[in-house]
file start.cif (mmCIF, C-alpha atoms)
data_work
#
loop_
_atom_site.group_PDB
_atom_site.id
_atom_site.type_symbol
_atom_site.label_atom_id
_atom_site.label_comp_id
_atom_site.auth_asym_id
_atom_site.auth_seq_id
_atom_site.Cartn_x
_atom_site.Cartn_y
_atom_site.Cartn_z
ATOM 1 C CA ASN I 213 49.744 -172.822 -118.284
ATOM 2 C CA ALA I 214 48.346 -169.630 -116.767
ATOM 3 C CA VAL I 215 49.516 -166.829 -114.508
ATOM 4 C CA LEU I 216 46.762 -165.070 -112.569
ATOM 5 C CA VAL I 217 47.559 -161.854 -110.742
ATOM 6 C CA SER I 218 45.953 -159.648 -108.104
ATOM 7 C CA PRO I 219 45.196 -156.112 -109.283
ATOM 8 C CA ALA I 220 47.521 -154.742 -106.572
ATOM 9 C CA LEU I 221 50.510 -153.092 -108.232
ATOM 10 C CA ARG I 222 52.850 -154.805 -105.764
ATOM 11 C CA SER I 223 51.548 -158.194 -106.942
ATOM 12 C CA GLN I 224 51.979 -157.182 -110.575
ATOM 13 C CA HIS I 225 55.514 -155.968 -109.914
ATOM 14 C CA THR I 226 56.372 -159.130 -107.969
ATOM 15 C CA ILE I 227 55.517 -161.432 -110.869
ATOM 16 C CA GLU I 228 56.687 -159.104 -113.669
ATOM 17 C CA PRO I 229 60.333 -160.340 -113.842
ATOM 18 C CA PHE I 230 59.089 -163.932 -114.156
ATOM 19 C CA LEU I 231 56.674 -162.979 -116.929
ATOM 20 C CA VAL I 232 59.333 -161.059 -118.837
ATOM 21 C CA SER I 233 61.874 -163.889 -118.561
ATOM 22 C CA THR I 234 59.383 -166.585 -119.655
ATOM 23 C CA GLY I 235 57.430 -164.578 -122.208
ATOM 24 C CA LEU I 236 54.178 -165.487 -120.456
ATOM 25 C CA VAL I 237 51.302 -163.048 -119.992
ATOM 26 C CA GLY I 238 49.804 -162.484 -116.547
ATOM 27 C CA VAL I 239 46.053 -162.016 -116.367
ATOM 28 C CA VAL I 240 44.806 -159.590 -113.724
ATOM 29 C CA TRP I 241 41.778 -160.869 -111.818
ATOM 30 C CA PRO I 242 40.133 -158.278 -109.531
ATOM 31 C CA GLU I 243 38.741 -161.219 -107.499
ATOM 32 C CA LEU I 244 42.299 -161.908 -106.268
ATOM 33 C CA TRP I 245 42.454 -158.561 -104.419
ATOM 34 C CA GLU I 246 43.377 -158.679 -100.716
ATOM 35 C CA CYS I 247 40.446 -158.941 -98.343
ATOM 36 C CA CYS I 248 39.048 -160.311 -95.147
ATOM 37 C CA GLY I 249 41.310 -158.738 -92.525
ATOM 38 C CA SER I 250 38.360 -158.292 -90.181
ATOM 39 C CA ASP I 251 36.372 -160.920 -88.320
ATOM 40 C CA PRO I 252 33.141 -162.312 -89.786
ATOM 41 C CA THR I 253 30.087 -160.220 -88.890
ATOM 42 C CA GLY I 254 27.604 -163.082 -89.172
ATOM 43 C CA ALA I 255 25.810 -161.360 -92.038
ATOM 44 C CA ALA I 256 24.587 -163.395 -94.975
ATOM 45 C CA LEU I 257 26.908 -163.739 -97.935
ATOM 46 C CA PRO I 258 26.099 -161.395 -100.816
ATOM 47 C CA THR I 259 24.415 -162.886 -103.848
ATOM 48 C CA GLU I 260 25.727 -160.335 -106.345
ATOM 49 C CA PRO I 261 29.105 -158.610 -106.615
ATOM 50 C CA ALA I 262 29.378 -155.029 -105.414
ATOM 51 C CA ARG I 263 31.985 -153.037 -107.311
ATOM 52 C CA TYR I 264 33.196 -149.492 -107.051
ATOM 53 C CA ASP I 265 32.354 -147.377 -110.101
ATOM 54 C CA PHE I 266 35.263 -145.007 -109.508
ATOM 55 C CA PHE I 267 38.081 -147.281 -108.251
ATOM 56 C CA THR I 268 39.540 -148.754 -111.433
ATOM 57 C CA VAL I 269 42.180 -151.423 -111.866
ATOM 58 C CA SER I 270 45.489 -150.224 -113.265
ATOM 59 C CA VAL I 271 47.555 -152.676 -115.296
ATOM 60 C CA GLU I 272 51.049 -151.194 -115.434
ATOM 61 C CA ALA I 273 53.442 -154.130 -115.520
ATOM 62 C CA GLN I 274 54.861 -155.616 -118.707
ATOM 63 C CA ASN I 275 53.296 -158.797 -120.082
ATOM 64 C CA MET I 276 50.090 -158.180 -118.138
ATOM 65 C CA ALA I 277 46.451 -157.798 -119.194
ATOM 66 C CA LEU I 278 43.091 -157.456 -117.478
ATOM 67 C CA ARG I 279 40.927 -160.581 -117.742
ATOM 68 C CA GLU I 280 38.817 -160.387 -120.876
ATOM 69 C CA GLY I 281 35.270 -159.247 -120.161
ATOM 70 C CA ASP I 282 36.051 -157.864 -116.682
ATOM 71 C CA PRO I 283 34.746 -154.314 -116.098
ATOM 72 C CA GLY I 284 38.104 -153.299 -114.587
ATOM 73 C CA THR I 285 36.823 -151.989 -111.276
ATOM 74 C CA PHE I 286 37.641 -153.130 -107.755
ATOM 75 C CA TRP I 287 35.219 -155.094 -105.643
ATOM 76 C CA GLN I 288 33.649 -153.331 -102.673
ATOM 77 C CA ILE I 289 34.762 -155.401 -99.689
ATOM 78 C CA ASP I 290 33.782 -153.580 -96.517
ATOM 79 C CA THR I 291 33.061 -156.773 -94.567
ATOM 80 C CA TYR I 292 34.540 -160.247 -94.223
ATOM 81 C CA GLU I 293 31.462 -161.662 -95.949
ATOM 82 C CA GLN I 294 31.863 -159.396 -98.989
ATOM 83 C CA GLY I 295 35.514 -160.429 -99.253
ATOM 84 C CA LEU I 296 34.674 -164.110 -98.849
ATOM 85 C CA TYR I 297 32.101 -163.820 -101.630
ATOM 86 C CA MET I 298 34.723 -162.158 -103.869
ATOM 87 C CA VAL I 299 37.203 -165.001 -103.281
ATOM 88 C CA MET I 300 34.416 -167.545 -103.848
ATOM 89 C CA GLN I 301 33.958 -165.967 -107.275
ATOM 90 C CA ALA I 302 37.715 -166.322 -107.915
ATOM 91 C CA ARG I 303 37.457 -170.000 -106.962
ATOM 92 C CA ASP I 304 34.519 -170.523 -109.297
ATOM 93 C CA LEU I 305 36.323 -168.804 -112.192
ATOM 94 C CA LEU I 306 39.467 -170.815 -111.488
ATOM 95 C CA LEU I 307 37.570 -174.102 -111.472
ATOM 96 C CA ALA I 308 35.557 -173.199 -114.575
ATOM 97 C CA GLY I 309 38.688 -172.366 -116.533
ATOM 98 C CA TYR I 310 41.219 -174.824 -115.167
ATOM 99 C CA GLY I 311 39.524 -177.444 -112.977
ATOM 100 C CA GLN I 312 40.124 -181.053 -113.993
ATOM 101 C CA THR I 313 42.296 -179.952 -116.941
ATOM 102 C CA GLY I 314 45.674 -180.955 -115.530
ATOM 103 C CA LYS I 315 46.946 -177.448 -116.258
ATOM 104 C CA THR I 316 49.288 -175.612 -113.916
ATOM 105 C CA VAL I 317 48.184 -172.203 -112.642
ATOM 106 C CA LEU I 318 50.465 -169.724 -110.873
ATOM 107 C CA ILE I 319 48.737 -167.058 -108.769
ATOM 108 C CA SER I 320 50.435 -163.883 -107.546
ATOM 109 C CA GLY I 321 48.243 -162.600 -104.748
ATOM 110 C CA HIS I 322 47.974 -161.974 -101.019
ATOM 111 C CA ALA I 323 48.198 -163.796 -97.715
ATOM 112 C CA ILE I 324 44.631 -163.608 -96.398
ATOM 113 C CA SER I 325 42.700 -163.860 -99.656
ATOM 114 C CA GLY I 326 45.151 -166.557 -100.798
ATOM 115 C CA THR I 327 44.572 -168.460 -97.586
ATOM 116 C CA ILE I 328 40.827 -168.264 -98.173
ATOM 117 C CA LEU I 329 41.208 -169.395 -101.785
ATOM 118 C CA ILE I 330 43.234 -172.423 -100.678
ATOM 119 C CA GLY I 331 40.603 -173.265 -98.048
ATOM 120 C CA LEU I 332 37.757 -172.961 -100.541
ATOM 121 C CA LEU I 333 39.595 -175.154 -103.038
ATOM 122 C CA ARG I 334 40.026 -177.715 -100.259
ATOM 123 C CA GLY I 335 36.241 -177.661 -99.724
ATOM 124 C CA LEU I 336 36.258 -175.870 -96.378
ATOM 125 C CA ASP I 337 33.377 -173.712 -95.132
ATOM 126 C CA LEU I 338 34.968 -170.368 -94.227
ATOM 127 C CA THR I 339 31.814 -168.404 -93.399
ATOM 128 C CA GLY I 340 32.834 -168.486 -89.731
ATOM 129 C CA GLY I 341 36.380 -167.309 -90.450
ATOM 130 C CA ILE I 342 39.748 -168.894 -91.086
ATOM 131 C CA GLU I 343 40.736 -171.765 -88.823
ATOM 132 C CA GLN I 344 44.380 -171.283 -87.838
ATOM 133 C CA THR I 345 44.738 -174.304 -85.571
ATOM 134 C CA GLY I 346 43.470 -177.866 -85.796
ATOM 135 C CA PRO I 347 43.149 -180.314 -88.679
ATOM 136 C CA ASN I 348 41.739 -177.772 -91.163
ATOM 137 C CA ALA I 349 44.238 -175.036 -90.347
ATOM 138 C CA ILE I 350 45.262 -172.831 -93.221
ATOM 139 C CA TYR I 351 48.265 -170.595 -93.037
ATOM 140 C CA MET I 352 49.793 -168.576 -95.845
ATOM 141 C CA MET I 353 52.254 -165.732 -95.634
ATOM 142 C CA ASN I 354 53.008 -163.052 -98.182
ATOM 143 C CA THR I 355 55.934 -164.401 -100.213
ATOM 144 C CA GLY I 356 54.651 -167.894 -99.556
ATOM 145 C CA VAL I 357 54.441 -170.490 -102.291
ATOM 146 C CA GLN I 358 51.922 -173.291 -101.972
ATOM 147 C CA LEU I 359 51.494 -176.272 -104.288
ATOM 148 C CA LEU I 360 48.001 -177.721 -104.532
ATOM 149 C CA THR I 361 46.915 -180.671 -106.654
ATOM 150 C CA GLN I 362 43.373 -181.519 -107.689
ATOM 151 C CA ASP I 363 42.008 -184.992 -107.026
ATOM 152 C CA PRO I 364 40.486 -186.153 -110.333
ATOM 153 C CA ALA I 365 37.849 -188.239 -108.557
ATOM 154 C CA THR I 366 36.512 -185.638 -106.121
ATOM 155 C CA GLY I 367 37.629 -182.329 -107.656
ATOM 156 C CA ARG I 368 38.952 -181.281 -104.234
ATOM 157 C CA PHE I 369 42.425 -179.872 -103.801
ATOM 158 C CA GLU I 370 45.123 -181.065 -101.438
ATOM 159 C CA LEU I 371 47.998 -178.948 -100.210
ATOM 160 C CA GLU I 372 51.105 -180.809 -101.390
ATOM 161 C CA GLY I 373 53.812 -178.461 -100.201
ATOM 162 C CA SER I 374 54.784 -174.992 -99.052
ATOM 163 C CA ASN I 375 57.949 -172.954 -98.735
ATOM 164 C CA VAL I 376 56.928 -171.450 -95.390
ATOM 165 C CA ASN I 377 56.898 -172.870 -91.897
ATOM 166 C CA ARG I 378 53.417 -173.697 -90.736
ATOM 167 C CA PRO I 379 52.338 -172.794 -87.210
ATOM 168 C CA ALA I 380 51.458 -175.552 -84.786
ATOM 169 C CA THR I 381 48.165 -177.106 -85.834
ATOM 170 C CA GLU I 382 47.417 -178.929 -82.595
#

call {"tool": "encode", "arguments": {"input": "start.cif", "output": "structure tokens"}}
result
Amino acid sequence: NAVLVSPALRSQHTIEPFLVSTGLVGVVWPELWECCGSDPTGAALPTEPARYDFFTVSVEAQNMALREGDPGTFWQIDTYEQGLYMVMQARDLLLAGYGQTGKTVLISGHAISGTILIGLLRGLDLTGGIEQTGPNAIYMMNTGVQLLTQDPATGRFELEGSNVNRPATE
């Protein structure tokens, strides 16, 4: 029902053939930008988005548009916490627009920010970083495809399947 795309040109170009063949339109969400490659600093999460005034989003692929009402600038994500806050905003927008609707949403994004988005949708607290082993392990690779379904009773998401091998979680 919706195709959401990172502002990275490589993400736009990855999904472009699918959009052209289906006639669907991808919507670029700056909140799906890659982030969080560094360890948490322990700083408090921001309470307001910080965006660059000069670093604008370019929408160059066919069948693609910037999300209506978005200022079209990249988020400033100098720390893990800033990136986590950005992905939390993506989660909130996703839930506000598609939560509990039964609609299918395809996201073309990145490994780390995608991993965080999946964790947040599963209700995990990621302020201390991404858990890569144990019962709450999250692992997503670039080129990975994950299928999540929303529990109508709780609103939480469960990971139903993936096309990538998961690392040992014990």

call {"tool": "resolve_selection", "arguments": {"input": "start.cif", "expression": "the PyMOL selection byres ((chain I and resi 218-222) around 8)", "output": "list of chain:residue names"}}
result
I:Leu216, I:Val217, I:Ser223, I:Gln224, I:His225, I:Thr226, I:Val240, I:Trp241, I:Pro242, I:Glu243, I:Leu244, I:Trp245, I:Glu246, I:Val269, I:Ser270, I:Val271, I:Glu272, I:Ala273, I:Ile319, I:Ser320, I:Gly321, I:His322

call {"tool": "atom_distance", "arguments": {"input": "start.cif", "atom1": "atom CA of Arg368 of chain I", "atom2": "atom CA of Asp304 of chain I"}}
result
12.7 Å

call {"tool": "closest_residue", "arguments": {"input": "start.cif", "among": "I:Leu307, I:Val237, I:Leu257, I:Leu318", "to": "Gln362 of chain I", "atoms": "only C-alpha atoms"}}
result
I:Leu307

call {"tool": "atom_distance", "arguments": {"input": "start.cif", "atom1": "atom CA of Val299 of chain I", "atom2": "atom CA of Ile328 of chain I"}}
result
7.1 Å

call {"tool": "resolve_selection", "arguments": {"input": "start.cif", "expression": "the PyMOL selection byres ((chain I and resi 335-349) around 12)", "output": "PyMOL selection string"}}
result
chain I and resi 248-258+291-297+299-300+303+323-334+350-352+362-363+366-371+378-382

call {"tool": "atom_distance", "arguments": {"input": "start.cif", "atom1": "atom CA of Pro229 of chain I", "atom2": "atom CA of Val215 of chain I"}}
result
12.6 Å

call {"tool": "closest_residue", "arguments": {"input": "start.cif", "among": "I:Val232, I:Ala214, I:Leu306, I:Met298", "to": "Phe286 of chain I", "atoms": "only C-alpha atoms"}}
result
I:Met298

call {"tool": "resolve_selection", "arguments": {"input": "start.cif", "expression": "the PyMOL selection byres ((chain I and resi 281) around 12)", "output": "VMD selection string"}}
result
chain I and resid 239 to 242 277 to 280 282 to 285

call {"tool": "build_atoms", "arguments": {"input": "start.cif", "residues": "segment 274-301 of chain I", "atoms": "N, CA and C atoms", "output": "PDB file, in the coordinates of the input"}}
result
ATOM      1  N   GLN I 274      54.702-155.005-117.388  1.00  0.00           N
ATOM      2  CA  GLN I 274      54.861-155.616-118.707  1.00  0.00           C
ATOM      3  C   GLN I 274      54.221-156.997-118.726  1.00  0.00           C
ATOM      4  N   ASN I 275      53.846-157.438-119.898  1.00  0.00           N
ATOM      5  CA  ASN I 275      53.296-158.797-120.082  1.00  0.00           C
ATOM      6  C   ASN I 275      52.089-159.053-119.176  1.00  0.00           C
ATOM      7  N   MET I 276      51.227-158.066-119.037  1.00  0.00           N
ATOM      8  CA  MET I 276      50.090-158.180-118.138  1.00  0.00           C
ATOM      9  C   MET I 276      48.857-157.628-118.838  1.00  0.00           C
ATOM     10  N   ALA I 277      47.709-158.260-118.612  1.00  0.00           N
ATOM     11  CA  ALA I 277      46.451-157.798-119.194  1.00  0.00           C
ATOM     12  C   ALA I 277      45.319-158.070-118.216  1.00  0.00           C
ATOM     13  N   LEU I 278      44.297-157.234-118.266  1.00  0.00           N
ATOM     14  CA  LEU I 278      43.091-157.456-117.478  1.00  0.00           C
ATOM     15  C   LEU I 278      42.326-158.626-118.096  1.00  0.00           C
ATOM     16  N   ARG I 279      41.706-159.441-117.253  1.00  0.00           N
ATOM     17  CA  ARG I 279      40.927-160.581-117.742  1.00  0.00           C
ATOM     18  C   ARG I 279      39.865-160.095-118.722  1.00  0.00           C
ATOM     19  N   GLU I 280      39.773-160.757-119.843  1.00  0.00           N
ATOM     20  CA  GLU I 280      38.817-160.387-120.876  1.00  0.00           C
ATOM     21  C   GLU I 280      37.398-160.399-120.316  1.00  0.00           C
ATOM     22  N   GLY I 281      36.657-159.342-120.595  1.00  0.00           N
ATOM     23  CA  GLY I 281      35.270-159.247-120.161  1.00  0.00           C
ATOM     24  C   GLY I 281      35.079-158.655-118.771  1.00  0.00           C
ATOM     25  N   ASP I 282      36.183-158.443-118.024  1.00  0.00           N
ATOM     26  CA  ASP I 282      36.051-157.864-116.682  1.00  0.00           C
ATOM     27  C   ASP I 282      35.858-156.355-116.810  1.00  0.00           C
ATOM     28  N   PRO I 283      34.974-155.753-115.990  1.00  0.00           N
ATOM     29  CA  PRO I 283      34.746-154.314-116.098  1.00  0.00           C
ATOM     30  C   PRO I 283      35.927-153.454-115.628  1.00  0.00           C
ATOM     31  N   GLY I 284      36.910-154.056-114.969  1.00  0.00           N
ATOM     32  CA  GLY I 284      38.104-153.299-114.587  1.00  0.00           C
ATOM     33  C   GLY I 284      37.935-152.406-113.383  1.00  0.00           C
ATOM     34  N   THR I 285      36.988-152.741-112.515  1.00  0.00           N
ATOM     35  CA  THR I 285      36.823-151.989-111.276  1.00  0.00           C
ATOM     36  C   THR I 285      37.006-152.930-110.089  1.00  0.00           C
ATOM     37  N   PHE I 286      37.421-152.353-108.969  1.00  0.00           N
ATOM     38  CA  PHE I 286      37.641-153.130-107.755  1.00  0.00           C
ATOM     39  C   PHE I 286      36.323-153.506-107.094  1.00  0.00           C
ATOM     40  N   TRP I 287      36.360-154.645-106.436  1.00  0.00           N
ATOM     41  CA  TRP I 287      35.219-155.094-105.643  1.00  0.00           C
ATOM     42  C   TRP I 287      35.109-154.239-104.388  1.00  0.00           C
ATOM     43  N   GLN I 288      33.891-154.001-103.941  1.00  0.00           N
ATOM     44  CA  GLN I 288      33.649-153.331-102.673  1.00  0.00           C
ATOM     45  C   GLN I 288      33.643-154.409-101.597  1.00  0.00           C
ATOM     46  N   ILE I 289      34.608-154.346-100.698  1.00  0.00           N
ATOM     47  CA  ILE I 289      34.762-155.401 -99.689  1.00  0.00           C
ATOM     48  C   ILE I 289      34.888-154.774 -98.308  1.00  0.00           C
ATOM     49  N   ASP I 290      33.800-154.240 -97.821  1.00  0.00           N
ATOM     50  CA  ASP I 290      33.782-153.580 -96.517  1.00  0.00           C
ATOM     51  C   ASP I 290      33.659-154.557 -95.354  1.00  0.00           C
ATOM     52  N   THR I 291      33.235-155.790 -95.628  1.00  0.00           N
ATOM     53  CA  THR I 291      33.061-156.773 -94.567  1.00  0.00           C
ATOM     54  C   THR I 291      33.756-158.079 -94.956  1.00  0.00           C
ATOM     55  N   TYR I 292      33.977-158.928 -93.973  1.00  0.00           N
ATOM     56  CA  TYR I 292      34.540-160.247 -94.223  1.00  0.00           C
ATOM     57  C   TYR I 292      33.683-161.000 -95.234  1.00  0.00           C
ATOM     58  N   GLU I 293      32.379-160.919 -95.079  1.00  0.00           N
ATOM     59  CA  GLU I 293      31.462-161.662 -95.949  1.00  0.00           C
ATOM     60  C   GLU I 293      31.568-161.200 -97.405  1.00  0.00           C
ATOM     61  N   GLN I 294      31.699-159.895 -97.625  1.00  0.00           N
ATOM     62  CA  GLN I 294      31.863-159.396 -98.989  1.00  0.00           C
ATOM     63  C   GLN I 294      33.176-159.910 -99.593  1.00  0.00           C
ATOM     64  N   GLY I 295      34.234-159.921 -98.783  1.00  0.00           N
ATOM     65  CA  GLY I 295      35.514-160.429 -99.253  1.00  0.00           C
ATOM     66  C   GLY I 295      35.465-161.920 -99.534  1.00  0.00           C
ATOM     67  N   LEU I 296      34.814-162.675 -98.641  1.00  0.00           N
ATOM     68  CA  LEU I 296      34.674-164.110 -98.849  1.00  0.00           C
ATOM     69  C   LEU I 296      33.922-164.387-100.151  1.00  0.00           C
ATOM     70  N   TYR I 297      32.861-163.650-100.391  1.00  0.00           N
ATOM     71  CA  TYR I 297      32.101-163.820-101.630  1.00  0.00           C
ATOM     72  C   TYR I 297      32.983-163.534-102.849  1.00  0.00           C
ATOM     73  N   MET I 298      33.818-162.489-102.768  1.00  0.00           N
ATOM     74  CA  MET I 298      34.723-162.158-103.869  1.00  0.00           C
ATOM     75  C   MET I 298      35.674-163.326-104.152  1.00  0.00           C
ATOM     76  N   VAL I 299      36.265-163.895-103.099  1.00  0.00           N
ATOM     77  CA  VAL I 299      37.203-165.001-103.281  1.00  0.00           C
ATOM     78  C   VAL I 299      36.466-166.251-103.758  1.00  0.00           C
ATOM     79  N   MET I 300      35.217-166.424-103.337  1.00  0.00           N
ATOM     80  CA  MET I 300      34.416-167.545-103.848  1.00  0.00           C
ATOM     81  C   MET I 300      34.234-167.417-105.362  1.00  0.00           C
ATOM     82  N   GLN I 301      34.078-166.179-105.832  1.00  0.00           N
ATOM     83  CA  GLN I 301      33.958-165.967-107.275  1.00  0.00           C
ATOM     84  C   GLN I 301      35.275-166.299-107.981  1.00  0.00           C
TER      85      GLN I 301
END
